[in-house]
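Asker: File follows, structure-v7.pdb with PDB, C-alpha atoms and all ligand atoms:
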```pdb
ATOM      1  CA  MET A 282      87.252  94.669 125.021  1.00  0.00           C
ATOM      2  CA  SER A 283      90.451  96.639 125.672  1.00  0.00           C
ATOM      3  CA  SER A 284      90.842 100.373 125.575  1.00  0.00           C
ATOM      4  CA  VAL A 285      91.928 101.876 122.262  1.00  0.00           C
ATOM      5  CA  LEU A 286      95.136 103.159 123.859  1.00  0.00           C
ATOM      6  CA  GLU A 287      95.957  99.718 125.207  1.00  0.00           C
ATOM      7  CA  ILE A 288      95.649  98.257 121.703  1.00  0.00           C
ATOM      8  CA  ILE A 289      97.661 101.107 120.153  1.00  0.00           C
ATOM      9  CA  ASN A 290     100.396 100.594 122.743  1.00  0.00           C
ATOM     10  CA  THR A 291     100.663  96.833 122.328  1.00  0.00           C
ATOM     11  CA  ARG A 292      99.839  96.036 118.682  1.00  0.00           C
ATOM     12  CA  SER A 293     102.379  94.978 116.100  1.00  0.00           C
ATOM     13  CA  SER A 294     102.331  93.805 112.507  1.00  0.00           C
ATOM     14  CA  ILE A 295     102.067  90.002 112.473  1.00  0.00           C
ATOM     15  CA  ARG A 296     103.816  87.981 109.781  1.00  0.00           C
ATOM     16  CA  LYS A 297     103.021  84.373 110.708  1.00  0.00           C
ATOM     17  CA  TYR A 298      99.548  82.828 110.793  1.00  0.00           C
ATOM     18  CA  SER A 299      98.012  79.458 111.538  1.00  0.00           C
ATOM     19  CA  ASP A 300      95.998  77.602 108.895  1.00  0.00           C
ATOM     20  CA  LYS A 301      92.751  78.259 110.781  1.00  0.00           C
ATOM     21  CA  PRO A 302      90.213  80.134 108.606  1.00  0.00           C
ATOM     22  CA  LEU A 303      88.520  83.285 109.873  1.00  0.00           C
ATOM     23  CA  PRO A 304      84.858  82.621 110.723  1.00  0.00           C
ATOM     24  CA  GLU A 305      82.382  84.684 108.702  1.00  0.00           C
ATOM     25  CA  ASP A 306      81.121  86.671 111.717  1.00  0.00           C
ATOM     26  CA  VAL A 307      84.689  87.623 112.630  1.00  0.00           C
ATOM     27  CA  CYS A 308      85.292  88.804 109.063  1.00  0.00           C
ATOM     28  CA  ARG A 309      82.068  90.786 109.188  1.00  0.00           C
ATOM     29  CA  THR A 310      83.122  92.557 112.414  1.00  0.00           C
ATOM     30  CA  LEU A 311      86.442  93.514 110.806  1.00  0.00           C
ATOM     31  CA  ILE A 312      84.782  94.754 107.619  1.00  0.00           C
ATOM     32  CA  GLU A 313      82.444  96.892 109.710  1.00  0.00           C
ATOM     33  CA  ALA A 314      85.397  98.306 111.669  1.00  0.00           C
ATOM     34  CA  GLY A 315      86.664  99.545 108.294  1.00  0.00           C
ATOM     35  CA  LEU A 316      83.299 100.924 107.260  1.00  0.00           C
ATOM     36  CA  LYS A 317      82.947 102.783 110.575  1.00  0.00           C
ATOM     37  CA  ALA A 318      86.146 104.759 109.934  1.00  0.00           C
ATOM     38  CA  PRO A 319      85.809 108.483 109.325  1.00  0.00           C
ATOM     39  CA  THR A 320      85.966 109.562 105.669  1.00  0.00           C
ATOM     40  CA  ALA A 321      86.509 113.016 104.208  1.00  0.00           C
ATOM     41  CA  ALA A 322      83.171 114.762 103.678  1.00  0.00           C
ATOM     42  CA  ASN A 323      81.588 111.511 104.942  1.00  0.00           C
ATOM     43  CA  LYS A 324      81.898 110.139 101.385  1.00  0.00           C
ATOM     44  CA  GLN A 325      82.120 106.499 102.544  1.00  0.00           C
ATOM     45  CA  GLU A 326      83.454 105.347  99.188  1.00  0.00           C
ATOM     46  CA  ILE A 327      86.246 103.072 100.338  1.00  0.00           C
ATOM     47  CA  HIS A 328      85.431  99.630  99.017  1.00  0.00           C
ATOM     48  CA  ILE A 329      86.689  96.429 100.656  1.00  0.00           C
ATOM     49  CA  THR A 330      87.189  93.243  98.632  1.00  0.00           C
ATOM     50  CA  VAL A 331      87.587  90.197 100.858  1.00  0.00           C
ATOM     51  CA  VAL A 332      89.732  87.427  99.368  1.00  0.00           C
ATOM     52  CA  ALA A 333      90.437  84.045 100.960  1.00  0.00           C
ATOM     53  CA  ARG A 334      93.885  82.455 100.830  1.00  0.00           C
ATOM     54  CA  ASP A 335      92.900  79.782  98.308  1.00  0.00           C
ATOM     55  CA  ASN A 336      90.882  82.026  95.991  1.00  0.00           C
ATOM     56  CA  PRO A 337      92.321  81.893  92.431  1.00  0.00           C
ATOM     57  CA  VAL A 338      92.741  85.695  92.314  1.00  0.00           C
ATOM     58  CA  GLN A 339      94.849  85.547  95.480  1.00  0.00           C
ATOM     59  CA  GLN A 340      96.968  82.814  93.881  1.00  0.00           C
ATOM     60  CA  GLU A 341      97.376  84.948  90.759  1.00  0.00           C
ATOM     61  CA  ILE A 342      98.433  88.045  92.730  1.00  0.00           C
ATOM     62  CA  GLN A 343     100.980  85.946  94.606  1.00  0.00           C
ATOM     63  CA  HIS A 344     102.280  84.496  91.356  1.00  0.00           C
ATOM     64  CA  ASP A 345     102.579  87.939  89.737  1.00  0.00           C
ATOM     65  CA  LEU A 346     104.434  89.317  92.778  1.00  0.00           C
ATOM     66  CA  ASN A 347     106.942  86.492  92.534  1.00  0.00           C
ATOM     67  CA  PRO A 348     106.232  83.116  90.941  1.00  0.00           C
ATOM     68  CA  ASN A 349     108.648  81.408  93.338  1.00  0.00           C
ATOM     69  CA  ALA A 350     107.559  83.012  96.601  1.00  0.00           C
ATOM     70  CA  GLY A 351     104.400  80.957  97.315  1.00  0.00           C
ATOM     71  CA  ASN A 352     102.179  82.973  99.610  1.00  0.00           C
ATOM     72  CA  SER A 353     105.075  84.444 101.572  1.00  0.00           C
ATOM     73  CA  PHE A 354     103.955  88.012 100.789  1.00  0.00           C
ATOM     74  CA  PHE A 355     100.764  87.205 102.685  1.00  0.00           C
ATOM     75  CA  PHE A 356     102.425  85.136 105.421  1.00  0.00           C
ATOM     76  CA  ASN A 357      99.863  82.330 105.025  1.00  0.00           C
ATOM     77  CA  ALA A 358      97.064  84.632 106.250  1.00  0.00           C
ATOM     78  CA  PRO A 359      93.642  83.020 105.661  1.00  0.00           C
ATOM     79  CA  VAL A 360      92.136  86.252 104.383  1.00  0.00           C
ATOM     80  CA  THR A 361      93.261  89.505 102.768  1.00  0.00           C
ATOM     81  CA  PHE A 362      91.156  92.636 102.442  1.00  0.00           C
ATOM     82  CA  TYR A 363      91.868  94.842  99.400  1.00  0.00           C
ATOM     83  CA  LEU A 364      90.802  98.467  99.871  1.00  0.00           C
ATOM     84  CA  SER A 365      90.078 100.645  96.874  1.00  0.00           C
ATOM     85  CA  GLY A 366      88.733 104.154  96.427  1.00  0.00           C
ATOM     86  CA  PRO A 367      87.644 106.534  93.685  1.00  0.00           C
ATOM     87  CA  ASP A 368      90.467 108.010  91.571  1.00  0.00           C
ATOM     88  CA  ALA A 369      88.458 111.211  91.311  1.00  0.00           C
ATOM     89  CA  PHE A 370      88.447 111.909  95.071  1.00  0.00           C
ATOM     90  CA  LYS A 371      91.604 113.522  96.443  1.00  0.00           C
ATOM     91  CA  TRP A 372      91.205 112.025  99.931  1.00  0.00           C
ATOM     92  CA  SER A 373      90.793 108.389  98.831  1.00  0.00           C
ATOM     93  CA  ALA A 374      94.273 107.328  99.976  1.00  0.00           C
ATOM     94  CA  VAL A 375      93.848 109.005 103.357  1.00  0.00           C
ATOM     95  CA  ASP A 376      90.399 107.461 103.815  1.00  0.00           C
ATOM     96  CA  ALA A 377      91.759 104.019 102.938  1.00  0.00           C
ATOM     97  CA  GLY A 378      94.652 104.494 105.374  1.00  0.00           C
ATOM     98  CA  ILE A 379      92.293 105.335 108.206  1.00  0.00           C
ATOM     99  CA  ALA A 380      89.966 102.431 107.363  1.00  0.00           C
ATOM    100  CA  VAL A 381      92.829  99.936 107.178  1.00  0.00           C
ATOM    101  CA  GLU A 382      94.160 101.091 110.551  1.00  0.00           C
ATOM    102  CA  ASN A 383      90.682 100.685 112.068  1.00  0.00           C
ATOM    103  CA  ILE A 384      90.704  97.091 110.782  1.00  0.00           C
ATOM    104  CA  HIS A 385      94.260  96.510 112.080  1.00  0.00           C
ATOM    105  CA  LEU A 386      93.359  97.771 115.573  1.00  0.00           C
ATOM    106  CA  ALA A 387      90.045  95.881 115.655  1.00  0.00           C
ATOM    107  CA  ALA A 388      91.877  92.676 114.686  1.00  0.00           C
ATOM    108  CA  ALA A 389      94.340  93.173 117.550  1.00  0.00           C
ATOM    109  CA  ASP A 390      91.461  93.795 119.951  1.00  0.00           C
ATOM    110  CA  MET A 391      89.893  90.494 118.849  1.00  0.00           C
ATOM    111  CA  GLY A 392      93.096  88.528 119.494  1.00  0.00           C
ATOM    112  CA  LEU A 393      93.850  88.285 115.776  1.00  0.00           C
ATOM    113  CA  GLY A 394      96.974  89.346 113.934  1.00  0.00           C
ATOM    114  CA  SER A 395      97.198  91.472 110.823  1.00  0.00           C
ATOM    115  CA  VAL A 396      99.685  93.251 108.628  1.00  0.00           C
ATOM    116  CA  ILE A 397      98.975  96.177 106.326  1.00  0.00           C
ATOM    117  CA  LEU A 398     100.327  95.444 102.859  1.00  0.00           C
ATOM    118  CA  GLY A 399     101.505  97.881 100.249  1.00  0.00           C
ATOM    119  CA  CYS A 400     103.703  95.424  98.365  1.00  0.00           C
ATOM    120  CA  MET A 401     101.207  94.399  95.681  1.00  0.00           C
ATOM    121  CA  GLU A 402     100.828  97.975  94.439  1.00  0.00           C
ATOM    122  CA  LYS A 403     103.004  97.355  91.377  1.00  0.00           C
ATOM    123  CA  VAL A 404     101.004  94.273  90.433  1.00  0.00           C
ATOM    124  CA  LEU A 405      97.489  95.595  91.061  1.00  0.00           C
ATOM    125  CA  ASN A 406      98.105  99.032  89.553  1.00  0.00           C
ATOM    126  CA  GLY A 407     100.516  97.852  86.857  1.00  0.00           C
ATOM    127  CA  GLU A 408     100.033  96.371  83.380  1.00  0.00           C
ATOM    128  CA  LYS A 409      97.173  94.132  84.531  1.00  0.00           C
ATOM    129  CA  LYS A 410      95.369  96.920  86.433  1.00  0.00           C
ATOM    130  CA  ALA A 411      92.094  96.672  84.476  1.00  0.00           C
ATOM    131  CA  GLU A 412      92.084  92.879  84.654  1.00  0.00           C
ATOM    132  CA  TYR A 413      92.643  92.908  88.414  1.00  0.00           C
ATOM    133  CA  ALA A 414      90.060  95.659  88.955  1.00  0.00           C
ATOM    134  CA  LYS A 415      87.531  93.297  87.363  1.00  0.00           C
ATOM    135  CA  LYS A 416      88.712  90.215  89.243  1.00  0.00           C
ATOM    136  CA  LEU A 417      88.628  92.072  92.580  1.00  0.00           C
ATOM    137  CA  ALA A 418      85.220  93.551  91.703  1.00  0.00           C
ATOM    138  CA  LEU A 419      86.400  97.125  92.287  1.00  0.00           C
ATOM    139  CA  PRO A 420      83.651  99.688  91.721  1.00  0.00           C
ATOM    140  CA  GLU A 421      83.946 101.582  88.413  1.00  0.00           C
ATOM    141  CA  GLY A 422      86.511 104.406  88.726  1.00  0.00           C
ATOM    142  CA  ASN A 423      88.170 102.923  91.827  1.00  0.00           C
ATOM    143  CA  SER A 424      91.842 102.007  92.099  1.00  0.00           C
ATOM    144  CA  TYR A 425      93.428  99.612  94.551  1.00  0.00           C
ATOM    145  CA  LEU A 426      94.994 101.556  97.450  1.00  0.00           C
ATOM    146  CA  VAL A 427      96.113  99.263 100.254  1.00  0.00           C
ATOM    147  CA  ALA A 428      95.583  95.756 101.592  1.00  0.00           C
ATOM    148  CA  ILE A 429      95.631  93.995 104.944  1.00  0.00           C
ATOM    149  CA  ALA A 430      96.277  90.317 105.638  1.00  0.00           C
ATOM    150  CA  ILE A 431      94.491  88.947 108.713  1.00  0.00           C
ATOM    151  CA  GLY A 432      94.521  85.687 110.627  1.00  0.00           C
ATOM    152  CA  TYR A 433      95.214  83.827 113.851  1.00  0.00           C
ATOM    153  CA  PRO A 434      98.732  84.786 114.917  1.00  0.00           C
ATOM    154  CA  GLU A 435     101.415  82.152 115.317  1.00  0.00           C
ATOM    155  CA  THR A 436     103.951  84.605 116.597  1.00  0.00           C
ATOM    156  CA  THR A 437     104.214  87.710 118.734  1.00  0.00           C
ATOM    157  CA  LYS A 438     106.237  90.848 118.216  1.00  0.00           C
ATOM    158  CA  GLU A 439     107.221  93.641 120.542  1.00  0.00           C
ATOM    159  CA  PRO A 440     105.909  97.090 119.616  1.00  0.00           C
ATOM    160  CA  HIS A 441     108.388  99.111 117.578  1.00  0.00           C
ATOM    161  CA  THR A 442     110.510 101.774 119.214  1.00  0.00           C
ATOM    162  CA  TYR A 443     110.534 105.370 117.986  1.00  0.00           C
ATOM    163  CA  ASP A 444     112.528 108.563 118.274  1.00  0.00           C
ATOM    164  CA  PHE A 445     110.221 111.163 119.795  1.00  0.00           C
ATOM    165  CA  ALA A 446     112.712 114.028 119.330  1.00  0.00           C
ATOM    166  CA  LYS A 447     113.207 113.300 115.616  1.00  0.00           C
ATOM    167  CA  ASN A 448     109.543 112.921 114.756  1.00  0.00           C
ATOM    168  CA  VAL A 449     107.933 115.593 116.881  1.00  0.00           C
ATOM    169  CA  THR A 450     108.129 119.363 117.066  1.00  0.00           C
ATOM    170  CA  ILE A 451     106.220 121.142 119.756  1.00  0.00           C
ATOM    171  CA  LEU A 452     106.104 124.846 119.016  1.00  0.00           C
TER     172      LEU A 452
HETATM  173  C1  LIG B 501     101.243 101.685 104.015  1.00  0.00           C
HETATM  174  C2  LIG B 501     101.934 100.484 104.604  1.00  0.00           C
HETATM  175  C3  LIG B 501     102.410  99.498 103.755  1.00  0.00           C
HETATM  176  C4  LIG B 501     103.013  98.362 104.290  1.00  0.00           C
HETATM  177  N1  LIG B 501     103.405  97.365 103.451  1.00  0.00           N
HETATM  178  C5  LIG B 501     103.932  96.232 103.961  1.00  0.00           C
HETATM  179  C6  LIG B 501     104.258  95.145 103.100  1.00  0.00           C
HETATM  180  O1  LIG B 501     104.069  95.203 101.896  1.00  0.00           O
HETATM  181  N2  LIG B 501     104.772  94.013 103.660  1.00  0.00           N
HETATM  182  C7  LIG B 501     104.969  93.916 105.018  1.00  0.00           C
HETATM  183  O2  LIG B 501     105.437  92.867 105.470  1.00  0.00           O
HETATM  184  N3  LIG B 501     104.657  94.930 105.868  1.00  0.00           N
HETATM  185  C8  LIG B 501     104.139  96.081 105.375  1.00  0.00           C
HETATM  186  N4  LIG B 501     103.768  97.102 106.204  1.00  0.00           N
HETATM  187  C9  LIG B 501     103.952  96.962 107.661  1.00  0.00           C
HETATM  188  C10 LIG B 501     105.157  97.797 108.142  1.00  0.00           C
HETATM  189  O3  LIG B 501     106.335  97.193 107.673  1.00  0.00           O
HETATM  190  C11 LIG B 501     105.112  97.859 109.679  1.00  0.00           C
HETATM  191  O4  LIG B 501     103.985  98.606 110.091  1.00  0.00           O
HETATM  192  C12 LIG B 501     106.383  98.523 110.227  1.00  0.00           C
HETATM  193  O5  LIG B 501     107.505  97.724 109.976  1.00  0.00           O
HETATM  194  C13 LIG B 501     106.288  98.777 111.726  1.00  0.00           C
HETATM  195  O6  LIG B 501     106.065  97.574 112.409  1.00  0.00           O
HETATM  196  P1  LIG B 501     104.816  97.412 113.390  1.00  0.00           P
HETATM  197  O7  LIG B 501     103.564  97.595 112.568  1.00  0.00           O
HETATM  198  O8  LIG B 501     104.927  96.013 113.922  1.00  0.00           O
HETATM  199  O9  LIG B 501     104.942  98.451 114.443  1.00  0.00           O
HETATM  200  C14 LIG B 501     103.164  98.240 105.704  1.00  0.00           C
HETATM  201  C15 LIG B 501     102.676  99.236 106.544  1.00  0.00           C
HETATM  202  C16 LIG B 501     102.060 100.343 106.008  1.00  0.00           C
HETATM  203  C17 LIG B 501     101.513 101.387 106.961  1.00  0.00           C
END
```
Output the structure of this file as structure tokens.

Answerer:
Amino acid sequence: MSSVLEIINTRSSIRKYSDKPLPEDVCRTLIEAGLKAPTAANKQEIHITVVARDNPVQQEIQHDLNPNAGNSFFFNAPVTFYLSGPDAFKWSAVDAGIAVENIHLAAADMGLGSVILGCMEKVLNGEKKAEYAKKLALPEGNSYLVAIAIGYPETTKEPHTYDFAKNVTIL
């Protein structure tokens, strides 16, 4: 197991995966990394729906994003986690963001690749929102917030650069 800082300093979003499925115990470890994330007021109401690449709902989401794009939005990842949270709780989006980053870092630590996905927002929270909420088994009152595609990486990517002076003010 690497140090958290080592993972933070070396991780990248991965956009190419092998066909190999994720074993159930590996999935379970990643789900639990999400559930172990801090939540505002310790609400623990972020829900994770795990969807395999060949599940019909995954195929439908892909089709609704772009009928001609195959699974390119998911980069052939064997599994995608969809995180949702209660509409009525003002910290749901923050909680989901923290949980999804926990999953992203845990995946990197386990030698897996992952990419956080916001691109299906318009599909999952659009005209078919209620239909998708049912198909993804979202708890009553939850909305989809963010997703993460995970798999065995078939590529590597250098960590992104950043502009410290632009993004930081030290008073
Ligand atoms: C909220 C959020 C939504 C994102 N949505 C997408 C997406 O829809 N598709 C995608 O390929 N990458 C997506 N990304 C990944 C970013 O593009 C990526 O983090 C950024 O380019 C920096 O690259 P790095 O993660 O490799 O450092 C998303 C990241 C975040 C945090």

Asker: With all atoms listed in the file counted and 6 Å as the cut-off, give the residues of chain A in contact with ligand LIG 501 (chain B), each with its shortest interatomic distance in Å and the pair that gives it, as a tab-separated table.

Answerer:
```
residue	atom	partner	partner_atom	distance
A:Ser293	CA	B:LIG501	O8	3.5
A:Ser294	CA	B:LIG501	O8	3.7
A:Val396	CA	B:LIG501	C9	5.7
A:Ile397	CA	B:LIG501	C14	4.7
A:Leu398	CA	B:LIG501	N1	3.7
A:Gly399	CA	B:LIG501	N1	3.8
A:Cys400	CA	B:LIG501	O1	3.6
A:Pro440	CA	B:LIG501	O9	5.4
A:His441	CA	B:LIG501	O9	4.7
```

Asker: Which one of A:Val285, A:Ala358, A:Val375, A:Val332 sits closest to Glu435 in chain A if you count only C-alpha atoms?

Answerer: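 With only C-alpha atoms as the atom set, the closest residue is A:Ala358.
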
Asker: Report, in Å to a single decimal, how far apart CA of Lys371 in chain A and CA of Gly315 in chain A are.

Answerer: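 CA of Gly315 in chain A sits 19.0 Å away from CA of Lys371 in chain A.
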
Asker: When you count all atoms listed in the file, which of these residues is closest to Asn347 in chain A: A:Ala322, A:Val427, A:Met401, A:Ala388?

Answerer: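 Between A:Ala322, A:Val427, A:Met401, A:Ala388, the residue approaching Asn347 in chain A most closely is A:Met401.
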
Asker: Residue by residue, what does the PyMOL selection byres (((chain A and resi 352) around 12) and not hetatm) grab here? Present the result as a PyMOL selection string.

Answerer: chain A and resi 296-298+333-336+339-351+353-361+430

Asker: Got a sec: who's within 10 Å of Cys308 in chain A, counting all atoms listed in the file, leaving out chain neighbours fewer than 6 positions off, as a list of chain:residue names?

Answerer: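 What passes the distance filter is A:Pro302, A:Ala314, A:Val331, A:Val360, A:Phe362, A:Ala388, A:Ile431, A:Gly432.
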
Asker: Do you know which residues the PyMOL selection byres (((chain A and resi 310) around 12) and not hetatm) returns on this file, as JSON, numbers by chain?

Answerer: {"A": [303, 304, 305, 306, 307, 308, 309, 311, 312, 313, 314, 315, 316, 317, 383, 384, 385, 386, 387, 388, 390, 391]}

Asker: Trp372 in chain A: which residues within 12 Å, counting all atoms listed in the file, same-chain residues fewer than 2 positions away excluded, as a list in words?

Answerer: Pro319, Thr320, Ala321, Ala322, Asn323, Lys324, Gln325, Glu326, Ile327, Ser365, Gly366, Pro367, Asp368, Ala369, Phe370, Ala374, Val375, Asp376, Ala377, Gly378, Ile379 and Leu426 of chain A

Asker: Pick the closest to Ala428 in chain A from A:Glu402, A:Gly394, A:Ser299, A:Thr291: which is it, counting only C-alpha atoms?

Answerer: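 The answer is A:Glu402, which sits nearest to Ala428 in chain A.
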
Asker: Quick check, in Å to one decimal: how far apart do CA of Ile295 in chain A and CA of Ser395 in chain A lie?

Answerer: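 Going from CA of Ile295 in chain A over to CA of Ser395 in chain A covers 5.3 Å.
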
Asker: Closest to Ala389 in chain A among A:Thr442, A:Thr330, A:Thr437, A:Asn448, using only C-alpha atoms?

Answerer: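 So, comparing all the options, the nearest one is A:Thr437.
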
Asker: How far is it from CA of Gly422 in chain A to CA of His328 in chain A, in Å with one decimal?

Answerer: 11.4 Å

Asker: What box, with edges along x, y and z, holds each listed atom of range 364-378 of chain A when 4 Å is added on every side, and can you state its centre and edge lengths in Å to one decimal, as lines of an AutoDock Vina configuration file?

Answerer:
```
center_x = 91.1
center_y = 106.0
center_z = 98.3
size_x = 15.0
size_y = 23.1
size_z = 22.1
```
